[in-house]
Amino acid sequence: MVWIVVGYLSGSWLAALSVCRLAGVGDPRQHGSFNPGFSNVLRLYGPRLAAATLLLDALKAMPAVLGAKLMGYPVWLQGLVGLAVLLGHSFPLWHGFRGGKAVASAFGVLLVLVPQVALLSASIWALLAWRLKTAALASLVSALVAPLACGWLAPEYVMVVGGFSLLVLARHGLNIRRLRRGEEPPFRGS
């Protein structure tokens with residue numbers, strides 16, 4: 001199906017690389033946590049570049065998922081398109097399958113499919129990140145809360161959002177190990 005391919009291709013554009021290149025700073029895959037995502041860009045280069053990365057990674061997720069939703073595809077097929085976006089971000093073909101953890105892209109997918117769950121998850125993420133000064137724990141808790149919130153706010157999407165959450169949790173394996181050892185790096189300036 002064309003929307004799945006479009007989803008993967010749009011997901012595989014790593015916003016952090018473009019943002020950092022345009023700003024004239026180093027490739028985030030070469031520094032910090034070596035991850036091309038919002039939290040590593042925040043730690044390395046500050047809130048302005050991180051916000052641009054977050055915005056673009058969320059926006060890139062929307063067109064393919066919105067296309068599938070507007071075409072009236074069943075929820076499971078909308079979910080496959082969303083999953084394609086997240087897999088594209090996590091395992092981009094033209095970057096040697098070395099991508100990000102898909103949190104910002106998942107936010108963009110959720111904004112289209114279940115906006116109320118997206119906003120609740122983002123609020124939880126922001127509160128935890130602010131209080132704990134670590135993106136990983138905030139991301140893990142938000143990923144766990146999203147399918148639970150779906151059960152309450154959008155039950156038809158529980159399985160789809162649960163699949164997204166499993167991918168995000170799996171992509172945070174290294175962070176989980178660092179959290180257990182107390183070695184997870186904090187945000188810049190904390």
# chains A, B, ... in the order shown; residues from 1 in each chain; ligands from 1

call {"tool": "closest_atom_pairs", "arguments": {"of": "segment 53-111 of chain A", "to": "segment 115-118 of chain A", "cutoff": "7 Å", "atoms": "only C-alpha atoms", "output": "CSV"}}
result
residue,atom,partner,partner_atom,distance
A:Phe107,CA,A:Ala118,CA,5.9
A:Leu110,CA,A:Ala118,CA,5.1
A:Leu111,CA,A:Pro115,CA,4.1

call {"tool": "write_last_selection", "arguments": {"atoms": "N, CA and C atoms", "output": "mmCIF file, in the first residue's frame"}}
result
data_model
loop_
_atom_site.group_PDB
_atom_site.id
_atom_site.type_symbol
_atom_site.label_atom_id
_atom_site.label_comp_id
_atom_site.auth_asym_id
_atom_site.auth_seq_id
_atom_site.Cartn_x
_atom_site.Cartn_y
_atom_site.Cartn_z
ATOM 1 N N PHE A 107 4.568 11.092 18.708
ATOM 2 C CA PHE A 107 3.688 12.203 19.093
ATOM 3 C C PHE A 107 2.934 12.722 17.872
ATOM 4 N N LEU A 110 0.290 10.188 16.872
ATOM 5 C CA LEU A 110 -0.827 10.223 17.824
ATOM 6 C C LEU A 110 -1.673 11.485 17.671
ATOM 7 N N LEU A 111 -1.034 12.606 17.328
ATOM 8 C CA LEU A 111 -1.803 13.837 17.116
ATOM 9 C C LEU A 111 -2.843 13.669 16.017
#

call {"tool": "residues_around", "arguments": {"residues": "Lys69 of chain A", "least_positions_apart": "4", "cutoff": "7 Å", "atoms": "only C-alpha atoms", "output": "PyMOL selection string"}}
result
chain A and resi 65+73+78

call {"tool": "closest_atom_pairs", "arguments": {"of": "segment 53-133 of chain A", "to": "segment 141-149 of chain A", "cutoff": "7 Å", "atoms": "only C-alpha atoms", "output": "tab-separated table"}}
result
residue	atom	partner	partner_atom	distance
A:Val117	CA	A:Ala149	CA	6.1
A:Ser121	CA	A:Ser142	CA	5.2
A:Ile124	CA	A:Ser142	CA	6.2
A:Trp125	CA	A:Ser142	CA	5.7

call {"tool": "closest_residue", "arguments": {"among": "A:Pro155, A:Pro47, A:Pro74, A:Gly11", "to": "Lys60 of chain A", "atoms": "only C-alpha atoms"}}
result
A:Gly11

call {"tool": "closest_residue", "arguments": {"among": "A:Ile4, A:Leu56, A:Val114, A:Leu87", "to": "Gly151 of chain A", "atoms": "only C-alpha atoms"}}
result
A:Val114

call {"tool": "select_by_dssp", "arguments": {"residues": "segment 29-185 of chain A", "states": "alpha helix (DSSP H)", "output": "PyMOL selection string"}}
result
chain A and resi 38-45+47-60+62-70+75-90+103-113+115-132+135-153+158-171+173-181

call {"tool": "residues_around", "arguments": {"residues": "Leu54 of chain A", "least_positions_apart": "3", "cutoff": "12 Å", "atoms": "only C-alpha atoms", "output": "NGL selection string"}}
result
:A and (14-16 or 19 or 36-42 or 47-51 or 57-61 or 100 or 102-108 or 122)

call {"tool": "closest_residue", "arguments": {"among": "A:Met1, A:Val160, A:Leu127, A:Ala23", "to": "Gly67 of chain A", "atoms": "only C-alpha atoms"}}
result
A:Met1

call {"tool": "atom_distance", "arguments": {"atom1": "atom CA of Met62 of chain A", "atom2": "atom CA of Cys20 of chain A"}}
result
22.0 Å

call {"tool": "closest_residue", "arguments": {"among": "A:Trp76, A:Trp13, A:Tyr45, A:Tyr8", "to": "Glu156 of chain A", "atoms": "only C-alpha atoms"}}
result
A:Trp76

call {"tool": "closest_residue", "arguments": {"among": "A:Gly24, A:Gly162, A:Gly88, A:Pro63", "to": "Lys101 of chain A", "atoms": "only C-alpha atoms"}}
result
A:Gly88

call {"tool": "residues_around", "arguments": {"residues": "Gly163 of chain A", "least_positions_apart": "5", "cutoff": "10 Å", "atoms": "only C-alpha atoms", "output": "ChimeraX atom specification"}}
result
/A:79-80,82-83,147,157-158,168-169

call {"tool": "write_last_selection", "arguments": {"atoms": "N, CA, C and O atoms", "output": "compact mmCIF listing (two decimals), in the first residue's frame"}}
result
# COMPACT_ATOMS: atom_id res chain seq x y z
N GLY A 79 -2.92 2.29 11.70
CA GLY A 79 -1.84 1.93 12.60
C GLY A 79 -0.61 1.44 11.87
O GLY A 79 0.52 1.77 12.25
N LEU A 80 -0.80 0.66 10.81
CA LEU A 80 0.35 0.19 10.03
C LEU A 80 1.09 1.36 9.37
O LEU A 80 2.32 1.37 9.30
N GLY A 82 1.15 4.45 10.56
CA GLY A 82 1.85 5.09 11.67
C GLY A 82 3.09 4.31 12.08
O GLY A 82 4.16 4.89 12.32
N LEU A 83 2.98 3.00 12.14
CA LEU A 83 4.12 2.17 12.48
C LEU A 83 5.23 2.30 11.44
O LEU A 83 6.41 2.33 11.78
N PRO A 147 -1.25 3.79 25.78
CA PRO A 147 -2.30 2.80 25.52
C PRO A 147 -3.36 2.75 26.64
O PRO A 147 -4.53 2.47 26.37
N TYR A 157 -8.42 2.40 19.33
CA TYR A 157 -7.01 2.55 18.98
C TYR A 157 -6.05 1.90 20.00
O TYR A 157 -4.84 2.06 19.88
N VAL A 158 -6.57 1.19 20.99
CA VAL A 158 -5.71 0.64 22.05
C VAL A 158 -4.62 -0.25 21.47
O VAL A 158 -3.44 -0.12 21.83
N VAL A 168 8.60 2.12 20.99
CA VAL A 168 9.31 3.18 21.73
C VAL A 168 10.04 2.58 22.93
O VAL A 168 11.21 2.90 23.19
N LEU A 169 9.39 1.69 23.67
CA LEU A 169 10.02 1.05 24.82
C LEU A 169 11.24 0.22 24.39
O LEU A 169 12.29 0.27 25.03

call {"tool": "atom_distance", "arguments": {"atom1": "atom CA of Leu66 of chain A", "atom2": "atom CA of Phe91 of chain A"}}
result
21.7 Å

call {"tool": "closest_residue", "arguments": {"among": "A:Ser139, A:Ser12, A:Asn175, A:Thr134", "to": "His95 of chain A", "atoms": "only C-alpha atoms"}}
result
A:Ser12

call {"tool": "atom_distance", "arguments": {"atom1": "atom CA of Gly46 of chain A", "atom2": "atom CA of Glu183 of chain A"}}
result
20.5 Å

call {"tool": "decode", "arguments": {"residues": "segment 27-44 of chain A", "atoms": "N, CA and C atoms", "output": "PDB file, in the first residue's frame"}}
result
ATOM      1  N   ASP A  27      27.031  16.719  13.921  1.00  0.00           N
ATOM      2  CA  ASP A  27      26.056  15.652  13.761  1.00  0.00           C
ATOM      3  C   ASP A  27      25.768  15.042  15.135  1.00  0.00           C
ATOM      4  N   PRO A  28      24.517  15.058  15.598  1.00  0.00           N
ATOM      5  CA  PRO A  28      24.218  14.536  16.935  1.00  0.00           C
ATOM      6  C   PRO A  28      24.481  13.038  17.061  1.00  0.00           C
ATOM      7  N   ARG A  29      24.622  12.334  15.938  1.00  0.00           N
ATOM      8  CA  ARG A  29      24.944  10.905  16.010  1.00  0.00           C
ATOM      9  C   ARG A  29      26.406  10.668  16.359  1.00  0.00           C
ATOM     10  N   GLN A  30      27.183  11.746  16.396  1.00  0.00           N
ATOM     11  CA  GLN A  30      28.611  11.630  16.712  1.00  0.00           C
ATOM     12  C   GLN A  30      28.937  12.108  18.119  1.00  0.00           C
ATOM     13  N   HIS A  31      27.946  12.588  18.848  1.00  0.00           N
ATOM     14  CA  HIS A  31      28.189  13.188  20.168  1.00  0.00           C
ATOM     15  C   HIS A  31      27.085  12.799  21.145  1.00  0.00           C
ATOM     16  N   GLY A  32      27.320  13.032  22.411  1.00  0.00           N
ATOM     17  CA  GLY A  32      26.310  12.803  23.442  1.00  0.00           C
ATOM     18  C   GLY A  32      25.874  11.356  23.491  1.00  0.00           C
ATOM     19  N   SER A  33      24.569  11.138  23.351  1.00  0.00           N
ATOM     20  CA  SER A  33      24.028   9.769  23.367  1.00  0.00           C
ATOM     21  C   SER A  33      24.086   9.126  21.985  1.00  0.00           C
ATOM     22  N   PHE A  34      24.585   9.870  20.996  1.00  0.00           N
ATOM     23  CA  PHE A  34      24.718   9.400  19.612  1.00  0.00           C
ATOM     24  C   PHE A  34      23.360   9.154  18.958  1.00  0.00           C
ATOM     25  N   ASN A  35      22.337   9.781  19.484  1.00  0.00           N
ATOM     26  CA  ASN A  35      20.989   9.591  18.983  1.00  0.00           C
ATOM     27  C   ASN A  35      20.543  10.838  18.208  1.00  0.00           C
ATOM     28  N   PRO A  36      19.969  10.645  17.007  1.00  0.00           N
ATOM     29  CA  PRO A  36      19.494  11.795  16.234  1.00  0.00           C
ATOM     30  C   PRO A  36      18.074  12.189  16.630  1.00  0.00           C
ATOM     31  N   GLY A  37      17.931  12.658  17.851  1.00  0.00           N
ATOM     32  CA  GLY A  37      16.606  13.019  18.316  1.00  0.00           C
ATOM     33  C   GLY A  37      16.616  14.238  19.207  1.00  0.00           C
ATOM     34  N   PHE A  38      15.427  14.620  19.617  1.00  0.00           N
ATOM     35  CA  PHE A  38      15.189  15.825  20.397  1.00  0.00           C
ATOM     36  C   PHE A  38      16.060  15.916  21.648  1.00  0.00           C
ATOM     37  N   SER A  39      16.061  14.888  22.485  1.00  0.00           N
ATOM     38  CA  SER A  39      16.739  15.006  23.783  1.00  0.00           C
ATOM     39  C   SER A  39      18.253  15.117  23.632  1.00  0.00           C
ATOM     40  N   ASN A  40      18.833  14.413  22.680  1.00  0.00           N
ATOM     41  CA  ASN A  40      20.278  14.537  22.477  1.00  0.00           C
ATOM     42  C   ASN A  40      20.620  15.923  21.922  1.00  0.00           C
ATOM     43  N   VAL A  41      19.796  16.424  21.010  1.00  0.00           N
ATOM     44  CA  VAL A  41      20.018  17.773  20.478  1.00  0.00           C
ATOM     45  C   VAL A  41      19.864  18.799  21.604  1.00  0.00           C
ATOM     46  N   LEU A  42      18.901  18.592  22.493  1.00  0.00           N
ATOM     47  CA  LEU A  42      18.725  19.497  23.630  1.00  0.00           C
ATOM     48  C   LEU A  42      19.963  19.506  24.522  1.00  0.00           C
ATOM     49  N   ARG A  43      20.459  18.333  24.858  1.00  0.00           N
ATOM     50  CA  ARG A  43      21.655  18.256  25.708  1.00  0.00           C
ATOM     51  C   ARG A  43      22.881  18.863  25.026  1.00  0.00           C
ATOM     52  N   LEU A  44      23.000  18.624  23.723  1.00  0.00           N
ATOM     53  CA  LEU A  44      24.192  19.087  23.001  1.00  0.00           C
ATOM     54  C   LEU A  44      24.125  20.563  22.607  1.00  0.00           C
TER      55      LEU A  44
END
